[in-house]
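Undergrad: One structure, pasted below without further comment.
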Amino acid sequence: MTQRLRLNKNADRRLKAGHLWIYSNEVDIKETPLKNFAAGETALVEASNGKVMAVAYVNPHSLIAARVMSRDPEMRLDRSLFVHRFNQALALRQRLYAQPYYRLIHGEGDLLPGLVIDRFGDVVVVQLNTAGMQALADEIVDALEKVIKPEVIVFRNDTGGRRQEGLEAHVDVIKGTLPDEVVLEENGARFVVPVLNGQKTGWFFDHRVNREWLNRQVAGKRVLDVFSYVGGWGVQAAVHGAQEVMCLDSSGPALEQVARNAELNGVQDKVAVSESDAFEALAALKADGKEFDVVVLDPPAFIKKRKDIPNGERAYARLNREAMRLLGRDGLLLSASCSMHLAPERLMDVVRGAVRHQDRHGQVIFQGHQGPDHPVHPAIPETSYLKALGVRVFRD
């Protein structure tokens, strides 16, 4: 390893505090011009005094110019490193879960920036989100073969992060034959997962704990699941005793999966679907006089960049107001956000404002976040992104 990446004076502070990212404006481009690096190339990271601090991979075309893979300057980014990190990650998941359905690798949270791996039994879905991880694809596959020996490996390389890294989008089954249906189990329910063409890797493991909490609140209730996707919230609610469930989404294929998943769990008589824009549907339901005991709001990220914060916060506020209008006299709202740029206190503000807009009272009885298979790196606030509030909404 001959390439070296020199940092500007005092630009090593975040790395010393544990962070794994190096921004392009932190690089001493006079000593080590970024243009001299190929996307995904490995380099030794040096402080301004020449002291070697870490091994990282570099992308000269990205705002995050380098991502640290190891603090050991002797470490090579090869199969052995991935085997070691995969075994570390697997040991945690096996302590947490009795069944092999979880996020196995959560990027920076598992000290593998740019890599996401979700496990569905003998099927693993891999996202190589950076040029550095793309360059190490063969080593990643070899390490997976060594550590968990999956029957099927799918590459879901179609994320927005890849576009920002200058990488092409593609989806490939690179090992084995994908079964007609990939099935997972979560919180006592079974789901067919669209791993090739669904959102992200096909499933959102991050809300598992939050869904488990809601499942204990729904017996005998009428539940509305907004942005339902394939029914993670709604079908589980039906399995755990909800009287009736409506799953609302703008995607017809996703709602077909809801129906299949309801059937898979024997609750098809309880679960109805509605294909519509969420905001339009909420207004229409109110106009029709519909009322629910529980409303779940799990929208996509309304705030993807800092510049989106004002418009995104307004969208969250409107969504929560419209949802609360559909709650009965003593109802429950589960309000979630996966927008990293929406601070937890701002989601609380959104809920508070929506409660007062309806001239009701609110009691926050649950505060949730991403599950433990999505570990938060304590030096990287960006790895803590998911928020969920369980709010009792009632009248005097």
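Residue numbering restarts at 1 for every chain of the structure tokens, chains are lettered A, B, ... in their displayed order, and ligands are numbered from 1 as they appear.
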Compile a residue-level contact table for segment 124-224 of chain A against segment 23-41 of chain A at a cut-off of 8 Å, reporting for every qualifying residue the shortest atom pair and its distance in Å to one decimal, with only C-alpha atoms counted, rows ordered by chain and ascending number, as JSON lines.
TA:
{"residue": "A:Thr130", "atom": "CA", "partner": "A:Gly40", "partner_atom": "CA", "distance": 7.7}
{"residue": "A:Ala131", "atom": "CA", "partner": "A:Gly40", "partner_atom": "CA", "distance": 4.6}
{"residue": "A:Gly132", "atom": "CA", "partner": "A:Gly40", "partner_atom": "CA", "distance": 3.7}
{"residue": "A:Met133", "atom": "CA", "partner": "A:Gly40", "partner_atom": "CA", "distance": 7.2}
{"residue": "A:Gln134", "atom": "CA", "partner": "A:Gly40", "partner_atom": "CA", "distance": 7.4}
{"residue": "A:Ala135", "atom": "CA", "partner": "A:Gly40", "partner_atom": "CA", "distance": 5.8}
Undergrad: Print the selection's residues with C-alpha atoms to a file, as a short mmCIF file (atom, residue, chain, number, x, y, z; two decimals), in the first residue's frame.
TA:
data_model
loop_
_atom_site.label_atom_id
_atom_site.label_comp_id
_atom_site.auth_asym_id
_atom_site.auth_seq_id
_atom_site.Cartn_x
_atom_site.Cartn_y
_atom_site.Cartn_z
CA THR A 130 -19.68 3.13 -2.12
CA ALA A 131 -16.90 2.80 -4.67
CA GLY A 132 -14.67 1.35 -1.97
CA MET A 133 -17.09 -1.47 -1.20
CA GLN A 134 -17.72 -2.04 -4.89
CA ALA A 135 -13.98 -2.54 -5.36
#
Undergrad: List as number ranges by chain the protein and nucleic acid residues near segment 236-238 of chain A, meaning an atom at most 12 Å away when only C-alpha atoms are counted, but skip any in the same chain fewer than 5 places from it.
TA: A: 185-191, 208, 210-225, 228, 230-231, 243-247, 258, 261-272, 294-296
Undergrad: Give the strand (DSSP E or B) residues of segment 52-290 of chain A, as assigned by DSSP on the backbone, as a ChimeraX atom specification.
TA: /A:52-58,64-70,101-106,115-120,123-128,152-157,170-175,182-186,189-193,222-226,244-249,271-275
Undergrad: Closest to Val273 of chain A among A:Ala254, A:Ala287, A:Val193, A:Leu7, using only C-alpha atoms?
TA: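 For Val273 of chain A, the nearest of the candidates is A:Ala254.
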Undergrad: At what distance in Å, to one decimal, does atom CA of Glu256 of chain A lie from atom CA of Ala278 of chain A?
TA: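 Computed distance, atom CA of Ala278 of chain A to atom CA of Glu256 of chain A, equals 17.2 Å.
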Undergrad: Go through A:Arg79, A:His240, A:Arg162, A:His207 one by one, measure the shortest atom-to-atom distance of each to Asp138 of chain A using only C-alpha atoms, and give the residue with the smallest value.
TA: A:Arg79
Undergrad: Which of these, A:Gly234, A:Gly114, A:Pro179, A:Pro300, has the shortest distance to Gln199 of chain A once you count only C-alpha atoms?
TA: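 Smallest separation from Gln199 of chain A among the options: A:Pro300.
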Undergrad: Run DSSP on the backbone and tell me which residues of segment 56-270 of chain A come out as helix (DSSP H, G or I); list them as a compact mmCIF listing (two decimals) with N, CA and C atoms, in the first residue's frame.
TA:
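Result went into selection36.txt, see below:
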# COMPACT_ATOMS: atom_id res chain seq x y z
N ARG A 79 -10.14 -10.43 2.31
CA ARG A 79 -11.12 -11.40 2.81
C ARG A 79 -11.01 -11.60 4.32
N SER A 80 -9.79 -11.62 4.85
CA SER A 80 -9.61 -11.87 6.27
C SER A 80 -10.26 -10.79 7.12
N LEU A 81 -10.12 -9.54 6.70
CA LEU A 81 -10.76 -8.46 7.45
C LEU A 81 -12.27 -8.63 7.45
N PHE A 82 -12.86 -8.94 6.29
CA PHE A 82 -14.31 -9.11 6.23
C PHE A 82 -14.77 -10.33 7.02
N VAL A 83 -14.03 -11.40 6.99
CA VAL A 83 -14.38 -12.56 7.80
C VAL A 83 -14.42 -12.18 9.29
N HIS A 84 -13.41 -11.43 9.71
CA HIS A 84 -13.36 -11.01 11.11
C HIS A 84 -14.55 -10.12 11.47
N ARG A 85 -14.83 -9.11 10.64
CA ARG A 85 -15.94 -8.21 10.94
C ARG A 85 -17.29 -8.92 10.84
N PHE A 86 -17.43 -9.81 9.88
CA PHE A 86 -18.69 -10.56 9.76
C PHE A 86 -18.91 -11.44 10.97
N ASN A 87 -17.85 -12.07 11.46
CA ASN A 87 -18.00 -12.91 12.66
C ASN A 87 -18.37 -12.07 13.88
N GLN A 88 -17.78 -10.88 13.99
CA GLN A 88 -18.15 -9.98 15.09
C GLN A 88 -19.63 -9.61 15.01
N ALA A 89 -20.08 -9.27 13.81
CA ALA A 89 -21.47 -8.87 13.62
C ALA A 89 -22.42 -10.04 13.85
N LEU A 90 -22.04 -11.21 13.37
CA LEU A 90 -22.89 -12.39 13.53
C LEU A 90 -23.04 -12.77 15.00
N ALA A 91 -21.97 -12.65 15.76
CA ALA A 91 -22.05 -12.98 17.19
C ALA A 91 -23.09 -12.11 17.89
N LEU A 92 -23.15 -10.83 17.55
CA LEU A 92 -24.15 -9.95 18.15
C LEU A 92 -25.56 -10.39 17.76
N ARG A 93 -25.77 -10.63 16.47
CA ARG A 93 -27.13 -10.98 16.01
C ARG A 93 -27.58 -12.32 16.60
N GLN A 94 -26.68 -13.24 16.75
CA GLN A 94 -27.07 -14.53 17.32
C GLN A 94 -27.40 -14.41 18.80
N ARG A 95 -26.83 -13.42 19.49
CA ARG A 95 -27.23 -13.16 20.87
C ARG A 95 -28.62 -12.53 20.92
N LEU A 96 -28.96 -11.77 19.91
CA LEU A 96 -30.21 -11.01 19.90
C LEU A 96 -31.40 -11.82 19.41
N GLY A 107 -23.39 -1.03 7.91
CA GLY A 107 -22.44 0.01 7.53
C GLY A 107 -21.50 0.42 8.64
N GLU A 108 -21.43 1.73 8.88
CA GLU A 108 -20.53 2.27 9.89
C GLU A 108 -20.79 1.70 11.27
N GLY A 109 -22.03 1.35 11.56
CA GLY A 109 -22.36 0.78 12.87
C GLY A 109 -21.65 -0.53 13.14
N ASP A 110 -21.27 -1.24 12.07
CA ASP A 110 -20.50 -2.48 12.19
C ASP A 110 -19.09 -2.31 11.66
N ALA A 131 -17.89 3.32 -3.73
CA ALA A 131 -16.90 2.80 -4.67
C ALA A 131 -15.91 1.88 -3.96
N GLY A 132 -15.59 2.20 -2.71
CA GLY A 132 -14.67 1.35 -1.97
C GLY A 132 -15.22 -0.04 -1.75
N MET A 133 -16.49 -0.15 -1.38
CA MET A 133 -17.09 -1.47 -1.20
C MET A 133 -17.29 -2.18 -2.53
N GLN A 134 -17.60 -1.43 -3.57
CA GLN A 134 -17.72 -2.04 -4.89
C GLN A 134 -16.39 -2.69 -5.30
N ALA A 135 -15.28 -2.01 -5.01
CA ALA A 135 -13.98 -2.54 -5.36
C ALA A 135 -13.64 -3.81 -4.58
N ALA A 137 -15.93 -6.18 -3.71
CA ALA A 137 -17.09 -7.08 -3.83
C ALA A 137 -16.69 -8.55 -3.75
N ASP A 138 -15.62 -8.93 -4.42
CA ASP A 138 -15.21 -10.35 -4.41
C ASP A 138 -14.82 -10.79 -3.01
N GLU A 139 -14.11 -9.93 -2.29
CA GLU A 139 -13.71 -10.28 -0.93
C GLU A 139 -14.93 -10.42 -0.02
N ILE A 140 -15.93 -9.57 -0.23
CA ILE A 140 -17.16 -9.63 0.57
C ILE A 140 -17.89 -10.94 0.33
N VAL A 141 -18.01 -11.34 -0.92
CA VAL A 141 -18.69 -12.60 -1.24
C VAL A 141 -17.92 -13.77 -0.65
N ASP A 142 -16.61 -13.76 -0.79
CA ASP A 142 -15.81 -14.87 -0.24
C ASP A 142 -15.98 -14.95 1.27
N ALA A 143 -16.03 -13.81 1.95
CA ALA A 143 -16.18 -13.82 3.41
C ALA A 143 -17.56 -14.32 3.81
N LEU A 144 -18.60 -13.95 3.07
CA LEU A 144 -19.94 -14.47 3.34
C LEU A 144 -19.97 -15.98 3.21
N GLU A 145 -19.32 -16.49 2.19
CA GLU A 145 -19.25 -17.95 2.00
C GLU A 145 -18.57 -18.62 3.20
N LYS A 146 -17.57 -17.97 3.73
CA LYS A 146 -16.83 -18.54 4.85
C LYS A 146 -17.64 -18.51 6.14
N VAL A 147 -18.34 -17.39 6.39
CA VAL A 147 -18.95 -17.16 7.70
C VAL A 147 -20.34 -17.76 7.80
N GLY A 160 -29.61 5.21 -3.94
CA GLY A 160 -29.25 6.58 -4.25
C GLY A 160 -27.81 6.89 -3.90
N GLY A 161 -27.29 6.24 -2.86
CA GLY A 161 -25.91 6.46 -2.47
C GLY A 161 -24.93 6.08 -3.56
N ARG A 162 -25.24 5.06 -4.33
CA ARG A 162 -24.35 4.66 -5.43
C ARG A 162 -24.29 5.75 -6.50
N ARG A 163 -25.41 6.37 -6.78
CA ARG A 163 -25.40 7.45 -7.78
C ARG A 163 -24.49 8.58 -7.32
N GLN A 164 -24.53 8.90 -6.04
CA GLN A 164 -23.68 9.96 -5.51
C GLN A 164 -22.20 9.58 -5.58
N PHE A 205 -36.03 -4.16 8.64
CA PHE A 205 -35.84 -4.77 9.95
C PHE A 205 -35.77 -3.72 11.07
N ASP A 206 -35.49 -2.46 10.72
CA ASP A 206 -35.18 -1.48 11.75
C ASP A 206 -36.35 -1.19 12.69
N HIS A 207 -37.60 -1.43 12.23
CA HIS A 207 -38.77 -1.14 13.07
C HIS A 207 -39.24 -2.36 13.88
N ARG A 208 -38.49 -3.44 13.89
CA ARG A 208 -38.96 -4.67 14.54
C ARG A 208 -39.40 -4.44 15.99
N VAL A 209 -38.58 -3.75 16.78
CA VAL A 209 -38.90 -3.53 18.19
C VAL A 209 -40.12 -2.63 18.32
N ASN A 210 -40.22 -1.62 17.46
CA ASN A 210 -41.36 -0.70 17.52
C ASN A 210 -42.65 -1.40 17.13
N ARG A 211 -42.59 -2.29 16.15
CA ARG A 211 -43.78 -3.07 15.79
C ARG A 211 -44.17 -4.02 16.92
N GLU A 212 -43.17 -4.57 17.58
CA GLU A 212 -43.45 -5.47 18.71
C GLU A 212 -44.23 -4.72 19.80
N TRP A 213 -43.83 -3.48 20.06
CA TRP A 213 -44.56 -2.69 21.05
C TRP A 213 -46.00 -2.44 20.60
N LEU A 214 -46.16 -2.03 19.35
CA LEU A 214 -47.51 -1.73 18.88
C LEU A 214 -48.40 -2.97 18.90
N ASN A 215 -47.81 -4.12 18.61
CA ASN A 215 -48.60 -5.36 18.59
C ASN A 215 -49.31 -5.61 19.91
N GLY A 234 -49.32 -3.47 9.54
CA GLY A 234 -50.73 -3.83 9.50
C GLY A 234 -50.99 -5.31 9.64
N VAL A 235 -50.26 -6.12 8.91
CA VAL A 235 -50.47 -7.57 8.99
C VAL A 235 -50.10 -8.07 10.38
N GLN A 236 -49.01 -7.55 10.94
CA GLN A 236 -48.66 -7.96 12.31
C GLN A 236 -49.77 -7.56 13.29
N ALA A 237 -50.36 -6.40 13.10
CA ALA A 237 -51.46 -5.98 13.99
C ALA A 237 -52.61 -6.97 13.90
N ALA A 238 -52.94 -7.40 12.68
CA ALA A 238 -54.02 -8.37 12.51
C ALA A 238 -53.68 -9.69 13.19
N VAL A 239 -52.43 -10.12 13.04
CA VAL A 239 -51.99 -11.37 13.68
C VAL A 239 -52.11 -11.28 15.19
N GLY A 252 -49.37 -0.34 -6.10
CA GLY A 252 -50.20 -1.52 -6.31
C GLY A 252 -49.45 -2.82 -6.04
N PRO A 253 -48.23 -3.00 -6.56
CA PRO A 253 -47.48 -4.22 -6.27
C PRO A 253 -47.24 -4.44 -4.78
N ALA A 254 -46.99 -3.37 -4.03
CA ALA A 254 -46.80 -3.52 -2.58
C ALA A 254 -48.07 -4.02 -1.93
N LEU A 255 -49.21 -3.50 -2.35
CA LEU A 255 -50.49 -3.93 -1.76
C LEU A 255 -50.83 -5.37 -2.15
N GLU A 256 -50.40 -5.81 -3.32
CA GLU A 256 -50.56 -7.23 -3.67
C GLU A 256 -49.78 -8.10 -2.68
N GLN A 257 -48.61 -7.60 -2.27
CA GLN A 257 -47.82 -8.33 -1.27
C GLN A 257 -48.51 -8.30 0.09
N VAL A 258 -49.18 -7.18 0.42
CA VAL A 258 -49.95 -7.13 1.67
C VAL A 258 -50.98 -8.24 1.68
N ALA A 259 -51.73 -8.37 0.58
CA ALA A 259 -52.77 -9.40 0.51
C ALA A 259 -52.16 -10.79 0.64
N ARG A 260 -51.01 -11.00 -0.01
CA ARG A 260 -50.35 -12.31 0.08
C ARG A 260 -49.89 -12.57 1.51
N ASN A 261 -49.35 -11.56 2.16
CA ASN A 261 -48.86 -11.74 3.52
C ASN A 261 -50.01 -11.94 4.51
N ALA A 262 -51.12 -11.27 4.28
CA ALA A 262 -52.30 -11.50 5.13
C ALA A 262 -52.77 -12.94 4.99
N GLU A 263 -52.78 -13.42 3.75
CA GLU A 263 -53.19 -14.81 3.50
C GLU A 263 -52.21 -15.79 4.14
N LEU A 264 -50.93 -15.49 4.05
CA LEU A 264 -49.90 -16.36 4.61
C LEU A 264 -50.09 -16.55 6.11
Undergrad: Find the spatial neighbours of segment 358-364 of chain A, counting only C-alpha atoms, within a cut-off of 10 Å - ignore same-chain residues fewer than 5 positions away - and output them as a ChimeraX atom specification.
TA: /A:321-322,324-325,329-334,348,351-353,389-396
